[in-house]
2 protein chains.
Amino acid sequence: MSETQNDTFVTGYLLYLLAASSEQASAQFHDHVRARGLRVPEWRVLACLVDNDGMMITRLARLSLMEQSRMTRIVDQMDARGLVTRVADSNDKRRVRVRLTAEGRDLAEALVKDARRHETRLLSALADTDAARIKGVLRTLLDVLDRPDAT
Amino acid sequence: MSETQNDTFVTGYLLYLLAASSEQASAQFHDHVRARGLRVPEWRVLACLVDNDGMMITRLARLSLMEQSRMTRIVDQMDARGLVTRVADSNDKRRVRVRLTAEGRDLAEALVKDARRHETRLLSALADTDAARIKGVLRTLLDVLDRPDAT
DNA sequence: TCGATTTATATGATTTTTCATATTTTCAGC
DNA sequence: GCTGAAAATATGAAAAATCATATAAATCGA
């Protein structure tokens, strides 16, 4: 008994399993993203914009799971780098719409393709039953959490 | 069609579902942790140490999903605050064992109790089938990711 | 048992992230 | 059409995280 192993709580704790799964499942792809010269938050922005170009900063922040002020600065940098442009919303002058540039779109589409491939590989490493269930379970969890009575 | 909604990729992407689930499922409890005067990484350290007191920094970092140098500084702060103490390992002088103080242990045990309660509530908000499956699916995913041939 | 390698931790410098709050614009009710 | 509240974004200052690397101890092989 060289290394006393209790590990009774953390390892079985739902929030740990979620954090660890997310972290570890993403690690490889995030390396790929960085190899392509992007930081992870930037990749998230690109992915959101491929789905729906011209999102406003606030929504981009919510979807990308980060704070608004941080998103403002990330958009700054991506703008400076020529991946996106800021466009004033004509109806509501408070809003800033973020649009992909041609370069941004190319990069985004290439990475989405890579992401899909990676996801397929990941799912195929799971048993069929697990692969079939995982997304549904997570979506259900997210739905439940969205309800105001959540907890 | 006021807000053009495509949302074809991100919302259904496994790595997004994992990150979002983790983020959102944890949000409430993390607020609780902060209300108790701890930052999230500190709570993670306490939770690990309740399971297995005297872990070394490196292992603590791996389990808490963070970098070693970051963990060194977090342990510094927790030490300064009286939650843990550093103990030199007698067999291997490179190692630093992190031990809970009495105060640290009290806080840790209280929070673990809260965490378990919170987890129970969370799981009971899911349908029985989902609740029964979620941990298993995540554990399987983690197992697969641990294998060297992972992807 | 010496030297090269690996492992564990620490630290300086830089970059990110956060927090609080300012600014600007819209909206709701009167 | 005013006024106060709410929403969207930006920004300065502070705290935290990262990256590269230093230091020190253990281990492995010839």
# chains A, B, ... in the order shown; residues from 1 in each chain; ligands from 1
>>> interface_residues(of="chain A", to="chain B", cutoff="6 Å", atoms="only C-alpha atoms", output="list in words")
Asn6, Asp7, Thr8, Leu18, Ala19, Ser21, Ser22, Asp51, Asn52, Leu122, Asp130, Val137, Leu142 and Thr151 of chain A
>>> interface_residues(of="chain A", to="chain D", cutoff="10 Å", atoms="only C-alpha atoms (C1' of nucleotides)", output="ChimeraX atom specification")
/A:56-58,68-69,72-73,92-96
>>> closest_atom_pairs(of="chain C", to="chain A", cutoff="8 Å", atoms="only C-alpha atoms (C1' of nucleotides)", output="CSV")
residue,atom,partner,partner_atom,distance
C:DT17,C1',A:Arg70,CA,7.1
C:DT24,C1',A:Arg94,CA,6.8
C:DT25,C1',A:Arg94,CA,5.4
C:DT26,C1',A:Asp92,CA,7.4
>>> select_by_dssp(residues="segment 32-136 of chain B", states="helix (DSSP H, G or I)", output="JSON, numbers by chain")
{"B": [32, 33, 34, 35, 40, 41, 42, 43, 44, 45, 46, 47, 48, 49, 50, 51, 57, 58, 59, 60, 61, 62, 63, 68, 69, 70, 71, 72, 73, 74, 75, 76, 77, 78, 79, 80, 102, 103, 104, 105, 106, 107, 108, 109, 110, 111, 112, 113, 114, 115, 116, 117, 118, 119, 120, 121, 122, 123, 124, 128, 129, 130, 131, 132, 133, 134, 135, 136]}
>>> residues_around(residues="segment 34-39 of chain A", least_positions_apart="2", cutoff="12 Å", atoms="only C-alpha atoms (C1' of nucleotides)", output="PyMOL selection string")
(chain A and resi 27-32+41-46+74+77-78+81+83+104+107-108+110-111+114) or (chain C and resi 16)
>>> write_last_selection(atoms="C-alpha atoms (C1' of nucleotides)", output="short mmCIF file (atom, residue, chain, number, x, y, z; two decimals), in the first residue's frame")
data_model
loop_
_atom_site.label_atom_id
_atom_site.label_comp_id
_atom_site.auth_asym_id
_atom_site.auth_seq_id
_atom_site.Cartn_x
_atom_site.Cartn_y
_atom_site.Cartn_z
CA ALA A 27 -7.50 18.44 -25.34
CA GLN A 28 -6.51 16.89 -28.64
CA PHE A 29 -8.66 19.10 -30.78
CA HIS A 30 -7.62 22.19 -28.89
CA ASP A 31 -4.03 21.31 -29.68
CA HIS A 32 -4.99 21.16 -33.30
CA PRO A 41 -11.81 31.15 -27.47
CA GLU A 42 -11.13 32.38 -30.98
CA TRP A 43 -12.03 29.02 -32.42
CA ARG A 44 -15.27 29.13 -30.48
CA VAL A 45 -16.12 32.48 -31.97
CA LEU A 46 -15.41 31.27 -35.47
CA ILE A 74 -11.28 38.68 -28.17
CA GLN A 77 -7.92 40.83 -31.45
CA MET A 78 -9.64 38.81 -34.12
CA ARG A 81 -5.92 40.01 -37.13
CA LEU A 83 -10.57 37.25 -39.08
CA GLY A 104 -12.00 34.16 -41.21
CA LEU A 107 -10.32 29.19 -41.53
CA ALA A 108 -13.61 28.62 -39.73
CA ALA A 110 -11.73 24.27 -42.44
CA LEU A 111 -11.75 23.92 -38.67
CA ASP A 114 -11.73 19.05 -38.79
"C1'" DT C 16 -5.46 36.63 -20.05
#
>>> atom_distance(atom1="atom CA of Asp79 of chain A", atom2="atom C1' of DC19 of chain C")
24.4 Å
>>> atom_distance(atom1="atom CA of Thr85 of chain A", atom2="atom CA of Leu100 of chain A")
6.4 Å
>>> select_by_dssp(residues="segment 17-133 of chain B", states="strand (DSSP E)", output="list in words")
Met55, Met56, Val84, Thr85, Arg86, Val87, Ala88, Val96, Arg97, Val98, Arg99 and Leu100 of chain B
>>> atom_distance(atom1="atom C1' of DT21 of chain C", atom2="atom CA of Val75 of chain A")
20.7 Å
